[in-house]
$ cat protein_24.txt   # compact mmCIF, C-alpha atoms
# COMPACT_ATOMS: atom_id res chain seq x y z
CA MET A 22 83.29 -100.10 2.30
CA LYS A 23 84.72 -96.59 2.60
CA LYS A 24 83.73 -94.04 0.02
CA PRO A 25 86.48 -92.87 -2.29
CA PHE A 26 88.26 -89.79 -1.05
CA ARG A 27 86.98 -87.70 -3.95
CA TYR A 28 83.45 -87.80 -2.49
CA LEU A 29 84.60 -86.05 0.69
CA VAL A 30 86.16 -83.08 -1.10
CA PRO A 31 82.98 -81.09 -1.85
CA ALA A 32 81.94 -81.20 1.82
CA LYS A 33 85.39 -80.01 2.89
CA VAL A 34 85.35 -77.23 0.31
CA ALA A 35 81.92 -76.10 1.48
CA ALA A 36 83.07 -76.06 5.10
CA LEU A 37 86.19 -74.11 4.24
CA ALA A 38 84.13 -71.64 2.19
CA LEU A 39 81.78 -71.14 5.15
CA VAL A 40 84.71 -70.45 7.45
CA ALA A 41 86.25 -68.07 4.90
CA THR A 42 82.97 -66.20 4.43
CA SER A 43 82.54 -65.90 8.20
CA ALA A 44 86.08 -64.61 8.58
CA MET A 45 85.53 -61.97 5.89
CA ALA A 46 82.23 -60.73 7.36
CA ASP A 47 83.02 -57.73 9.57
CA THR A 48 80.82 -55.73 11.88
CA VAL A 49 81.29 -52.09 10.89
CA LYS A 50 80.92 -50.06 14.06
CA ILE A 51 79.83 -46.45 13.57
CA ALA A 52 80.13 -44.03 16.52
CA VAL A 53 77.21 -41.59 16.57
CA ILE A 54 78.63 -38.49 18.28
CA ASP A 55 75.63 -36.27 19.04
CA PRO A 56 73.75 -34.83 22.06
CA LEU A 57 71.96 -37.34 24.27
CA SER A 58 71.71 -35.01 27.25
CA GLY A 59 70.95 -31.31 27.65
CA PRO A 60 68.53 -29.15 25.62
CA PHE A 61 69.09 -31.05 22.35
CA ALA A 62 68.81 -34.58 23.78
CA ALA A 63 65.41 -35.35 22.23
CA LEU A 64 66.72 -34.57 18.76
CA GLY A 65 69.87 -36.64 19.30
CA GLU A 66 67.87 -39.60 20.54
CA ASN A 67 65.58 -39.46 17.49
CA GLN A 68 68.59 -39.40 15.17
CA LEU A 69 70.23 -42.32 16.98
CA LYS A 70 67.03 -44.35 16.59
CA SER A 71 67.01 -43.45 12.90
CA TRP A 72 70.56 -44.70 12.41
CA GLN A 73 69.92 -47.91 14.32
CA PHE A 74 66.65 -48.56 12.52
CA MET A 75 68.24 -48.11 9.09
CA GLY A 76 71.14 -50.31 10.22
CA GLU A 77 68.68 -53.09 11.10
CA VAL A 78 67.03 -52.80 7.67
CA ALA A 79 70.40 -52.86 5.89
CA ASN A 80 71.63 -55.87 7.88
CA LYS A 81 68.43 -57.84 7.33
CA GLU A 82 68.47 -57.18 3.59
CA LYS A 83 72.28 -57.55 3.32
CA TRP A 84 72.85 -54.14 1.73
CA ALA A 85 76.56 -54.45 2.62
CA GLY A 86 76.77 -58.11 1.65
CA GLU A 87 77.84 -60.30 4.56
CA HIS A 88 79.04 -57.29 6.56
CA THR A 89 76.80 -55.78 9.22
CA LEU A 90 76.46 -52.22 10.52
CA GLU A 91 76.30 -51.31 14.19
CA PHE A 92 75.55 -47.76 15.41
CA VAL A 93 76.74 -46.88 18.91
CA ALA A 94 75.90 -43.70 20.85
CA PHE A 95 78.51 -41.24 22.16
CA ASP A 96 77.03 -38.22 23.99
CA ASN A 97 78.78 -34.98 23.01
CA LYS A 98 76.30 -32.72 24.85
CA ALA A 99 76.26 -30.55 21.66
CA SER A 100 79.74 -29.27 22.60
CA PRO A 101 82.67 -29.07 20.15
CA GLN A 102 85.14 -29.88 22.94
CA GLU A 103 83.11 -32.84 24.18
CA SER A 104 82.83 -34.02 20.56
CA LEU A 105 86.63 -34.24 20.47
CA ASN A 106 86.64 -36.16 23.76
CA GLN A 107 84.10 -38.61 22.37
CA LEU A 108 86.04 -38.92 19.11
CA LYS A 109 89.11 -40.00 21.09
CA ARG A 110 87.01 -42.51 23.04
CA ALA A 111 85.63 -43.92 19.81
CA ILE A 112 89.03 -44.22 18.14
CA ASP A 113 90.51 -45.83 21.25
CA GLY A 114 87.60 -48.27 21.14
CA GLY A 115 88.41 -49.33 17.58
CA PHE A 116 85.79 -47.28 15.72
CA ARG A 117 86.89 -46.18 12.24
CA TYR A 118 83.61 -44.57 11.17
CA ILE A 119 81.91 -41.74 13.01
CA ALA A 120 78.63 -39.92 12.37
CA GLN A 121 77.63 -36.46 13.61
CA ALA A 122 74.94 -33.91 12.81
CA ASN A 123 74.03 -31.46 15.53
CA GLY A 124 76.21 -28.38 15.32
CA SER A 125 78.59 -27.15 12.65
CA GLY A 126 80.94 -26.01 15.41
CA ALA A 127 81.30 -29.63 16.45
CA GLY A 128 81.58 -30.64 12.79
CA LEU A 129 84.43 -28.24 12.10
CA ALA A 130 86.27 -29.43 15.23
CA LEU A 131 85.84 -33.06 14.17
CA ILE A 132 87.12 -32.47 10.63
CA ASP A 133 90.25 -30.80 11.95
CA ALA A 134 90.93 -33.55 14.49
CA ILE A 135 90.27 -36.38 12.02
CA ASN A 136 92.53 -34.80 9.40
CA LYS A 137 95.39 -34.66 11.92
CA TYR A 138 94.75 -38.15 13.26
CA ASN A 139 94.65 -39.75 9.80
CA GLU A 140 97.84 -38.01 8.74
CA ARG A 141 99.64 -39.36 11.81
CA ASN A 142 98.11 -42.84 11.69
CA PRO A 143 98.27 -44.27 8.15
CA GLY A 144 96.49 -47.60 7.96
CA LYS A 145 94.13 -46.68 10.81
CA GLU A 146 92.16 -43.91 9.09
CA VAL A 147 88.76 -42.69 10.29
CA ILE A 148 85.82 -41.52 8.11
CA TYR A 149 83.37 -38.78 9.17
CA ILE A 150 79.78 -39.26 7.96
CA ASN A 151 78.04 -35.91 8.37
CA HIS A 152 74.26 -36.09 8.37
CA GLY A 153 73.34 -32.58 9.49
CA ALA A 154 76.17 -30.10 10.16
CA VAL A 155 75.54 -27.77 7.22
CA ASP A 156 77.95 -24.84 7.43
CA PRO A 157 79.12 -24.44 3.79
CA GLU A 158 82.73 -24.22 4.96
CA LEU A 159 82.63 -27.95 5.68
CA THR A 160 82.58 -28.68 1.94
CA ASN A 161 84.39 -25.54 0.79
CA GLY A 162 87.39 -24.03 2.57
CA LYS A 163 87.48 -26.78 5.22
CA CYS A 164 86.66 -29.67 2.90
CA SER A 165 88.35 -33.00 3.58
CA PHE A 166 88.71 -36.34 1.82
CA TRP A 167 87.71 -37.96 5.12
CA HIS A 168 84.39 -36.09 5.36
CA PHE A 169 81.14 -36.89 3.53
CA SER A 170 78.12 -34.59 3.84
CA PHE A 171 74.73 -36.27 3.41
CA ASP A 172 72.68 -33.15 4.15
CA SER A 173 72.55 -30.19 1.77
CA ASN A 174 74.51 -27.24 3.09
CA SER A 175 72.83 -24.09 4.35
CA ASP A 176 73.66 -22.04 1.25
CA MET A 177 71.97 -24.62 -0.98
CA LYS A 178 68.88 -24.53 1.23
CA MET A 179 68.82 -20.74 1.49
CA GLN A 180 69.12 -20.43 -2.28
CA ALA A 181 66.01 -22.61 -2.69
CA LEU A 182 64.16 -20.84 0.11
CA VAL A 183 64.80 -17.31 -1.17
CA GLU A 184 63.94 -18.31 -4.74
CA HIS A 185 60.60 -19.57 -3.40
CA MET A 186 60.08 -16.47 -1.24
CA SER A 187 60.85 -14.16 -4.14
CA GLN A 188 57.63 -15.25 -5.85
CA ASN A 189 55.55 -14.04 -2.89
CA LYS A 190 55.08 -10.30 -3.42
CA SER A 191 53.30 -9.93 -0.05
CA ILE A 192 56.68 -10.32 1.69
CA LYS A 193 57.87 -6.81 2.54
CA LYS A 194 59.64 -6.96 5.91
CA VAL A 195 61.92 -9.78 7.03
CA TYR A 196 63.35 -10.48 10.46
CA ILE A 197 66.32 -12.87 10.72
CA ILE A 198 67.04 -14.69 13.99
CA GLY A 199 69.45 -17.53 14.66
CA GLN A 200 71.90 -19.24 16.96
CA ASP A 201 75.23 -17.51 17.49
CA TYR A 202 77.67 -19.99 15.99
CA ALA A 203 79.01 -20.90 12.54
CA PHE A 204 75.76 -22.15 11.04
CA GLY A 205 73.56 -19.38 12.47
CA ARG A 206 75.93 -16.70 11.20
CA SER A 207 76.00 -18.36 7.78
CA VAL A 208 72.18 -18.34 7.58
CA SER A 209 72.10 -14.63 8.47
CA ARG A 210 74.74 -13.73 5.89
CA THR A 211 73.26 -15.66 2.98
CA ALA A 212 69.66 -14.65 3.74
CA LYS A 213 70.64 -10.98 3.37
CA GLU A 214 72.82 -11.63 0.33
CA TYR A 215 70.27 -13.73 -1.58
CA LEU A 216 67.32 -11.49 -0.69
CA LYS A 217 69.24 -8.47 -1.96
CA GLY A 218 69.81 -10.28 -5.25
CA LYS A 219 66.27 -11.61 -5.70
CA ARG A 220 64.13 -9.08 -3.83
CA PRO A 221 65.99 -5.79 -3.27
CA ASP A 222 62.65 -4.21 -2.32
CA VAL A 223 62.42 -6.35 0.85
CA GLU A 224 63.42 -4.57 4.06
CA ILE A 225 65.49 -6.41 6.67
CA VAL A 226 63.90 -5.12 9.90
CA GLY A 227 65.93 -7.21 12.36
CA ASP A 228 68.95 -9.50 12.52
CA ASP A 229 69.53 -11.21 15.88
CA LEU A 230 71.90 -13.93 17.03
CA HIS A 231 71.41 -15.57 20.44
CA PRO A 232 73.49 -18.05 22.49
CA ILE A 233 72.92 -21.61 21.29
CA GLY A 234 71.03 -23.86 23.70
CA GLN A 235 71.00 -21.32 26.53
CA VAL A 236 67.89 -19.18 26.04
CA LYS A 237 64.99 -20.44 28.13
CA ASP A 238 62.59 -17.60 27.36
CA PHE A 239 62.41 -16.14 23.87
CA ALA A 240 59.81 -13.51 24.84
CA PRO A 241 62.31 -10.59 24.63
CA TYR A 242 63.34 -11.64 21.10
CA VAL A 243 59.72 -12.16 20.08
CA SER A 244 58.82 -8.70 21.37
CA LYS A 245 61.42 -7.24 19.01
CA ILE A 246 60.05 -9.26 16.11
CA LYS A 247 56.51 -8.08 16.83
CA ALA A 248 57.56 -4.43 17.26
CA SER A 249 59.48 -4.52 13.95
CA GLY A 250 56.31 -5.15 11.96
CA ALA A 251 57.93 -8.12 10.23
CA ASP A 252 55.62 -10.14 8.03
CA THR A 253 58.24 -12.87 7.61
CA VAL A 254 60.82 -14.50 9.91
CA ILE A 255 63.81 -16.50 8.65
CA THR A 256 65.51 -18.77 11.19
CA GLY A 257 68.02 -21.58 11.13
CA ASN A 258 67.22 -22.50 14.75
CA TRP A 259 66.90 -26.19 15.58
CA GLY A 260 65.99 -28.35 18.56
CA ALA A 261 64.81 -26.64 21.72
CA ASP A 262 65.88 -23.23 20.37
CA LEU A 263 63.35 -23.52 17.56
CA SER A 264 60.57 -25.05 19.67
CA LEU A 265 60.84 -22.30 22.29
CA LEU A 266 61.00 -19.56 19.64
CA ILE A 267 57.86 -20.84 17.93
CA LYS A 268 56.01 -21.30 21.24
CA ALA A 269 56.89 -17.76 22.38
CA SER A 270 55.79 -16.36 19.02
CA LYS A 271 52.49 -18.23 19.25
CA ASP A 272 51.90 -17.02 22.83
CA ALA A 273 52.63 -13.41 21.81
CA GLY A 274 50.31 -13.58 18.81
CA VAL A 275 53.02 -12.82 16.25
CA ASP A 276 51.30 -12.69 12.87
CA ALA A 277 54.22 -13.55 10.60
CA ASN A 278 55.21 -16.40 8.33
CA PHE A 279 58.20 -18.44 9.50
CA TYR A 280 60.67 -19.80 6.95
CA THR A 281 62.79 -22.43 8.68
CA TYR A 282 65.31 -25.16 8.12
CA TYR A 283 64.24 -27.46 10.94
CA ALA A 284 60.58 -27.05 11.91
CA VAL A 285 60.14 -30.65 10.74
CA LEU A 286 62.32 -31.98 13.57
CA LYS A 287 61.54 -33.23 17.06
CA GLY A 288 59.62 -30.83 19.32
CA ALA A 289 58.79 -28.08 16.83
CA PRO A 290 55.55 -29.67 15.54
CA THR A 291 54.10 -29.89 19.04
CA ALA A 292 55.14 -26.30 19.77
CA MET A 293 53.38 -25.10 16.60
CA GLY A 294 50.13 -27.03 16.85
CA SER A 295 47.28 -25.53 14.85
CA ALA A 296 48.71 -21.99 15.19
CA GLY A 297 51.45 -22.77 12.67
CA ALA A 298 49.08 -23.97 9.93
CA GLY A 299 49.77 -22.14 6.69
CA LYS A 300 52.39 -19.95 8.39
CA VAL A 301 55.41 -22.18 9.08
CA LYS A 302 57.49 -23.60 6.24
CA TYR A 303 60.70 -25.56 6.06
CA VAL A 304 63.30 -26.34 3.44
CA GLY A 305 64.86 -29.79 3.63
CA VAL A 306 66.05 -32.81 1.72
CA TRP A 307 62.77 -34.74 2.01
CA ASN A 308 59.11 -34.52 2.86
CA VAL A 309 57.50 -37.55 4.45
CA ASN A 310 54.40 -36.56 2.45
CA ASN A 311 56.30 -36.66 -0.84
CA GLU A 312 54.79 -36.98 -4.28
CA SER A 313 55.49 -40.70 -4.77
CA GLY A 314 54.98 -42.02 -1.24
CA ALA A 315 58.62 -43.13 -1.07
CA GLY A 316 59.56 -44.23 2.44
CA LYS A 317 55.99 -44.98 3.54
CA ASP A 318 56.95 -48.44 4.82
CA ILE A 319 59.92 -47.06 6.76
CA VAL A 320 57.83 -44.29 8.33
CA GLU A 321 55.14 -46.74 9.44
CA ALA A 322 57.59 -49.33 10.78
CA PHE A 323 59.59 -46.68 12.65
CA LYS A 324 56.41 -45.34 14.23
CA ALA A 325 55.32 -48.83 15.25
CA LYS A 326 58.68 -49.60 16.85
CA PHE A 327 59.49 -46.31 18.59
CA ASN A 328 56.20 -44.39 18.69
CA ASP A 329 58.20 -41.61 17.09
CA ASP A 330 58.44 -39.91 13.70
CA TYR A 331 61.08 -40.83 11.11
CA THR A 332 62.20 -37.48 9.71
CA TRP A 333 65.99 -37.80 9.49
CA MET A 334 66.06 -39.18 5.94
CA GLN A 335 69.79 -38.47 5.66
CA THR A 336 70.32 -41.72 7.56
CA HIS A 337 68.71 -43.64 4.70
CA SER A 338 70.95 -42.01 2.09
CA ALA A 339 74.08 -42.57 4.18
CA VAL A 340 73.37 -46.20 5.07
CA THR A 341 72.47 -46.96 1.44
CA MET A 342 75.65 -45.41 0.05
CA LEU A 343 77.99 -46.68 2.77
CA SER A 344 76.62 -50.21 2.36
CA LYS A 345 77.01 -50.14 -1.40
CA ALA A 346 80.58 -48.82 -1.11
CA ILE A 347 81.52 -51.59 1.35
CA ARG A 348 79.98 -54.22 -0.92
CA GLU A 349 81.74 -52.92 -4.04
CA ALA A 350 85.08 -52.37 -2.30
CA LYS A 351 84.88 -55.92 -0.90
CA THR A 352 86.39 -54.56 2.30
CA THR A 353 85.50 -52.38 5.27
CA ASP A 354 88.78 -50.45 5.05
CA PRO A 355 87.81 -46.76 5.32
CA VAL A 356 90.19 -45.54 2.60
CA LYS A 357 88.90 -47.99 0.00
CA VAL A 358 85.30 -47.41 1.06
CA ALA A 359 85.78 -43.63 0.79
CA LEU A 360 87.21 -43.96 -2.71
CA LYS A 361 84.14 -45.99 -3.73
CA MET A 362 81.73 -43.40 -2.31
CA GLU A 363 83.30 -40.61 -4.37
CA GLY A 364 81.06 -39.95 -7.35
CA MET A 365 78.64 -42.71 -6.35
CA THR A 366 74.93 -42.43 -7.18
CA VAL A 367 72.26 -44.33 -5.24
CA LYS A 368 68.48 -44.19 -5.04
CA SER A 369 67.29 -42.72 -1.75
CA LEU A 370 63.85 -41.69 -0.52
CA ASN A 371 64.10 -38.33 -2.33
CA GLY A 372 65.25 -39.81 -5.64
CA ASP A 373 68.69 -40.33 -7.16
CA VAL A 374 71.46 -38.73 -5.09
CA THR A 375 75.14 -38.38 -5.99
CA MET A 376 78.19 -37.83 -3.79
CA ARG A 377 80.12 -35.16 -5.68
CA ALA A 378 83.77 -36.21 -5.78
CA ALA A 379 85.08 -32.63 -5.83
CA ASP A 380 83.92 -31.77 -2.29
CA HIS A 381 82.01 -34.79 -0.90
CA GLN A 382 78.75 -32.79 -0.83
CA LEU A 383 75.71 -34.93 -1.66
CA GLN A 384 73.80 -33.58 -4.64
CA GLN A 385 70.09 -34.14 -4.10
CA PRO A 386 66.63 -32.58 -4.49
CA LEU A 387 65.22 -30.16 -1.92
CA TYR A 388 61.66 -29.78 -0.68
CA ILE A 389 59.84 -26.70 0.58
CA ALA A 390 56.75 -27.61 2.59
CA VAL A 391 54.11 -25.80 4.64
CA TRP A 392 52.50 -26.91 7.93
CA SER A 393 48.99 -28.07 7.05
CA LYS A 394 46.00 -30.03 8.29
CA ALA A 395 46.60 -33.76 7.80
CA GLY A 396 44.19 -36.26 6.34
CA ASP A 397 44.12 -35.78 2.58
CA LYS A 398 46.29 -37.17 -0.21
CA ASP A 399 48.82 -34.32 0.11
CA VAL A 400 49.32 -34.73 3.88
CA ARG A 401 49.03 -38.43 4.61
CA PHE A 402 51.20 -38.40 7.75
CA ASP A 403 50.87 -35.97 10.63
CA GLN A 404 53.63 -35.31 13.17
CA GLU A 405 53.74 -35.90 16.90
CA GLY A 406 50.03 -36.67 17.00
CA THR A 407 49.11 -33.04 16.25
CA GLY A 408 46.77 -33.76 13.35
CA PHE A 409 48.99 -31.53 11.21
CA GLY A 410 51.82 -32.36 8.84
CA TRP A 411 53.79 -31.07 5.88
CA LYS A 412 52.38 -30.29 2.45
CA THR A 413 54.89 -29.92 -0.37
CA GLU A 414 54.84 -26.50 -2.01
CA LYS A 415 57.85 -27.06 -4.23
CA LYS A 416 60.39 -29.73 -5.08
CA VAL A 417 63.71 -28.36 -6.32
CA PRO A 418 65.60 -30.82 -8.58
CA ALA A 419 69.16 -31.70 -7.64
CA GLU A 420 70.59 -29.96 -10.69
CA VAL A 421 68.89 -26.72 -9.63
CA ALA A 422 69.79 -27.04 -5.94
CA THR A 423 73.50 -27.50 -6.70
CA GLN A 424 76.12 -24.83 -6.06
CA PRO A 425 79.79 -24.49 -7.06
CA THR A 426 82.49 -25.39 -4.56
CA ALA A 427 85.78 -23.77 -3.58
CA CYS A 428 87.10 -27.06 -2.22
CA LYS A 429 90.75 -27.91 -2.90
CA MET A 430 90.79 -31.47 -1.62
CA LYS A 431 93.93 -33.28 -0.58
CA ARG A 432 93.54 -36.98 -1.31
CA PRO A 433 95.57 -39.88 0.11
CA ALA A 434 98.47 -41.12 -1.98
CA SER A 435 96.70 -44.40 -2.69
$ encode --input "protein_24.txt" --output "structure tokens"
Amino acid sequence: MKKPFRYLVPAKVAALALVATSAMADTVKIAVIDPLSGPFAALGENQLKSWQFMGEVANKEKWAGEHTLEFVAFDNKASPQESLNQLKRAIDGGFRYIAQANGSGAGLALIDAINKYNERNPGKEVIYINHGAVDPELTNGKCSFWHFSFDSNSDMKMQALVEHMSQNKSIKKVYIIGQDYAFGRSVSRTAKEYLKGKRPDVEIVGDDLHPIGQVKDFAPYVSKIKASGADTVITGNWGADLSLLIKASKDAGVDANFYTYYAVLKGAPTAMGSAGAGKVKYVGVWNVNNESGAGKDIVEAFKAKFNDDYTWMQTHSAVTMLSKAIREAKTTDPVKVALKMEGMTVKSLNGDVTMRAADHQLQQPLYIAVWSKAGDKDVRFDQEGTGFGWKTEKKVPAEVATQPTACKMKRPAS
């Protein structure tokens, strides 16, 4: 005898629900537009691995609900023009989220292009997730609704760095050196401005800008640093430009402390070795050897998978917040996701972080750390197999690291 029809309904409902759920589950493709060739390739590759690793974690644990994240590489060769070429490729390929970090010049070019594209293509908008381009203009005069900065800008970092330096009365002579583009010029300007305010007795004995990614031998610059009698060097250099600067300084026997933004990143630890112990410091949004051990499992799993160091913590903050916004918006539509991210607070590896709605600049703690011998409770993880790692000297709370913004943001009509 056939079962009554009513007994078949639940099975049909379940099947229809499964189909509906499957139909609503999107793969969110994020184009990672950063250097994968040229002098900054090693850094770009490490960042790409970081994105993809965090994407795997988020997908496995369903941070974005049934939606999944996929990070795809686009090589911009660290060039603003090539970044625009890759942006067009990504958009033509259906990508509506892009990520970029290496170079504020590229970041400024991308913001301008994305603003124009979104204005001309309502309903097909693109979001820019910035995890490392830190020129303050990106969240001030050039701020955009379509741009979200997950790194702290260079002024925020310099403020923390100079405040820390101001307590060290042995600092008398400072030499500033950086890459000749928007970010490097910003570092030079704010270093002089903030030092004048906090330590007017400090003498600026040099201020050099060099072509980005083109200098193969920093010996001539190092000779000037040594001849100046500087006891302290401030540099915003990153990638090969920082590694080569540190190596040349070590080879020349420069006896100065280096205050950096990016000595924690790929290549610099190996270049420093034991010579940098106690002398090289960095300011950043996280220290792998943090006070609570947050991120220990991620660091160990990343090392096991790639035989590489997980240092680009911004990817954790961005994936966490993007996933939560997608889940709460119940859609992958960039406009609705962006509106959810505004003002959102999530817990990242450095504590609670908030995306300030006024300028889309993440508000978060900052760390100042010094290169130190690894092996004790303060330096649990070394870097690049050197036997040395980063010891926290100071953690700056988010409310202290914050700065005002001059952003006058134009939001979509919706």
$ residues_around --input "protein_24.txt" --residues "Pro221 of chain A" --least-positions-apart "3" --cutoff "12 Å" --atoms "only C-alpha atoms" --output "list in words"
Val183, Ser187, Lys190, Ile192, Lys193, Lys194, Val195, Ala212, Lys213, Glu214, Tyr215, Leu216, Lys217, Gly218, Glu224 and Ile225 of chain A
$ closest_residue --input "protein_24.txt" --among "A:Lys237, A:Arg110, A:Lys431, A:Lys345" --to "Pro60 of chain A" --atoms "only C-alpha atoms"
A:Lys237
$ closest_atom_pairs --input "protein_24.txt" --of "segment 239-264 of chain A" --to "segment 154-177 of chain A" --cutoff "12 Å" --atoms "only C-alpha atoms" --output "tab-separated table"
residue	atom	partner	partner_atom	distance
A:Thr256	CA	A:Ser175	CA	11.3
A:Gly257	CA	A:Ser175	CA	8.7
A:Asn258	CA	A:Ser175	CA	11.9
A:Trp259	CA	A:Ala154	CA	11.4
$ residues_near_point --input "protein_24.txt" --point "(85.3, -51.9, 6.9)" --cutoff "9 Å" --atoms "all atoms listed in the file" --output "VMD selection string"
chain A and resid 47 to 50 88 117 to 118 347 351 to 355 357 to 358
$ closest_residue --input "protein_24.txt" --among "A:Val309, A:Ile319, A:Ala181, A:Ala251" --to "Gly227 of chain A" --atoms "all atoms listed in the file"
A:Ala251
$ atom_distance --input "protein_24.txt" --atom1 "atom CA of Asp399 of chain A" --atom2 "atom CA of Asn310 of chain A"
6.5 Å
$ atom_distance --input "protein_24.txt" --atom1 "atom CA of Glu91 of chain A" --atom2 "atom CA of Gln335 of chain A"
16.7 Å
$ atom_distance --input "protein_24.txt" --atom1 "atom CA of Trp72 of chain A" --atom2 "atom CA of Thr407 of chain A"
24.7 Å
$ residues_around --input "protein_24.txt" --residues "Ser313 of chain A" --least-positions-apart "3" --cutoff "10 Å" --atoms "all atoms listed in the file" --output "list in words"
Val309, Asn310, Gly316, Lys317, Leu370, Asn371 and Gly372 of chain A
$ write_last_selection --input "protein_24.txt" --atoms "C-alpha atoms" --output "PDB file, keeping the file's coordinate frame"
ATOM      1  CA  VAL A 309      57.500 -37.550   4.450  1.00  0.00           C
ATOM      2  CA  ASN A 310      54.400 -36.560   2.450  1.00  0.00           C
ATOM      3  CA  GLY A 316      59.560 -44.230   2.440  1.00  0.00           C
ATOM      4  CA  LYS A 317      55.990 -44.980   3.540  1.00  0.00           C
ATOM      5  CA  LEU A 370      63.850 -41.690  -0.520  1.00  0.00           C
ATOM      6  CA  ASN A 371      64.100 -38.330  -2.330  1.00  0.00           C
ATOM      7  CA  GLY A 372      65.250 -39.810  -5.640  1.00  0.00           C
TER       8      GLY A 372
END
$ residues_near_point --input "protein_24.txt" --point "(82.1, -32.3, 12.5)" --cutoff "12 Å" --atoms "only C-alpha atoms" --output "PDB file with C-alpha atoms, keeping the file's coordinate frame"
ATOM      1  CA  VAL A  53      77.210 -41.590  16.570  1.00  0.00           C
ATOM      2  CA  ILE A  54      78.630 -38.490  18.280  1.00  0.00           C
ATOM      3  CA  ASP A  55      75.630 -36.270  19.040  1.00  0.00           C
ATOM      4  CA  ASN A  97      78.780 -34.980  23.010  1.00  0.00           C
ATOM      5  CA  ALA A  99      76.260 -30.550  21.660  1.00  0.00           C
ATOM      6  CA  SER A 100      79.740 -29.270  22.600  1.00  0.00           C
ATOM      7  CA  PRO A 101      82.670 -29.070  20.150  1.00  0.00           C
ATOM      8  CA  GLN A 102      85.140 -29.880  22.940  1.00  0.00           C
ATOM      9  CA  GLU A 103      83.110 -32.840  24.180  1.00  0.00           C
ATOM     10  CA  SER A 104      82.830 -34.020  20.560  1.00  0.00           C
ATOM     11  CA  LEU A 105      86.630 -34.240  20.470  1.00  0.00           C
ATOM     12  CA  GLN A 107      84.100 -38.610  22.370  1.00  0.00           C
ATOM     13  CA  LEU A 108      86.040 -38.920  19.110  1.00  0.00           C
ATOM     14  CA  ILE A 119      81.910 -41.740  13.010  1.00  0.00           C
ATOM     15  CA  ALA A 120      78.630 -39.920  12.370  1.00  0.00           C
ATOM     16  CA  GLN A 121      77.630 -36.460  13.610  1.00  0.00           C
ATOM     17  CA  ALA A 122      74.940 -33.910  12.810  1.00  0.00           C
ATOM     18  CA  ASN A 123      74.030 -31.460  15.530  1.00  0.00           C
ATOM     19  CA  GLY A 124      76.210 -28.380  15.320  1.00  0.00           C
ATOM     20  CA  SER A 125      78.590 -27.150  12.650  1.00  0.00           C
ATOM     21  CA  GLY A 126      80.940 -26.010  15.410  1.00  0.00           C
ATOM     22  CA  ALA A 127      81.300 -29.630  16.450  1.00  0.00           C
ATOM     23  CA  GLY A 128      81.580 -30.640  12.790  1.00  0.00           C
ATOM     24  CA  LEU A 129      84.430 -28.240  12.100  1.00  0.00           C
ATOM     25  CA  ALA A 130      86.270 -29.430  15.230  1.00  0.00           C
ATOM     26  CA  LEU A 131      85.840 -33.060  14.170  1.00  0.00           C
ATOM     27  CA  ILE A 132      87.120 -32.470  10.630  1.00  0.00           C
ATOM     28  CA  ASP A 133      90.250 -30.800  11.950  1.00  0.00           C
ATOM     29  CA  ALA A 134      90.930 -33.550  14.490  1.00  0.00           C
ATOM     30  CA  ILE A 135      90.270 -36.380  12.020  1.00  0.00           C
ATOM     31  CA  ASN A 136      92.530 -34.800   9.400  1.00  0.00           C
ATOM     32  CA  ILE A 148      85.820 -41.520   8.110  1.00  0.00           C
ATOM     33  CA  TYR A 149      83.370 -38.780   9.170  1.00  0.00           C
ATOM     34  CA  ILE A 150      79.780 -39.260   7.960  1.00  0.00           C
ATOM     35  CA  ASN A 151      78.040 -35.910   8.370  1.00  0.00           C
ATOM     36  CA  HIS A 152      74.260 -36.090   8.370  1.00  0.00           C
ATOM     37  CA  GLY A 153      73.340 -32.580   9.490  1.00  0.00           C
ATOM     38  CA  ALA A 154      76.170 -30.100  10.160  1.00  0.00           C
ATOM     39  CA  VAL A 155      75.540 -27.770   7.220  1.00  0.00           C
ATOM     40  CA  ASP A 156      77.950 -24.840   7.430  1.00  0.00           C
ATOM     41  CA  GLU A 158      82.730 -24.220   4.960  1.00  0.00           C
ATOM     42  CA  LEU A 159      82.630 -27.950   5.680  1.00  0.00           C
ATOM     43  CA  THR A 160      82.580 -28.680   1.940  1.00  0.00           C
ATOM     44  CA  LYS A 163      87.480 -26.780   5.220  1.00  0.00           C
ATOM     45  CA  CYS A 164      86.660 -29.670   2.900  1.00  0.00           C
ATOM     46  CA  SER A 165      88.350 -33.000   3.580  1.00  0.00           C
ATOM     47  CA  TRP A 167      87.710 -37.960   5.120  1.00  0.00           C
ATOM     48  CA  HIS A 168      84.390 -36.090   5.360  1.00  0.00           C
ATOM     49  CA  PHE A 169      81.140 -36.890   3.530  1.00  0.00           C
ATOM     50  CA  SER A 170      78.120 -34.590   3.840  1.00  0.00           C
ATOM     51  CA  ALA A 203      79.010 -20.900  12.540  1.00  0.00           C
TER      52      ALA A 203
END
$ closest_residue --input "protein_24.txt" --among "A:Tyr303, A:Phe279, A:Tyr331, A:Tyr138" --to "Glu414 of chain A" --atoms "all atoms listed in the file"
A:Tyr303
$ closest_residue --input "protein_24.txt" --among "A:Lys145, A:Leu383, A:Ile246, A:Trp333" --to "Leu69 of chain A" --atoms "only C-alpha atoms"
A:Trp333
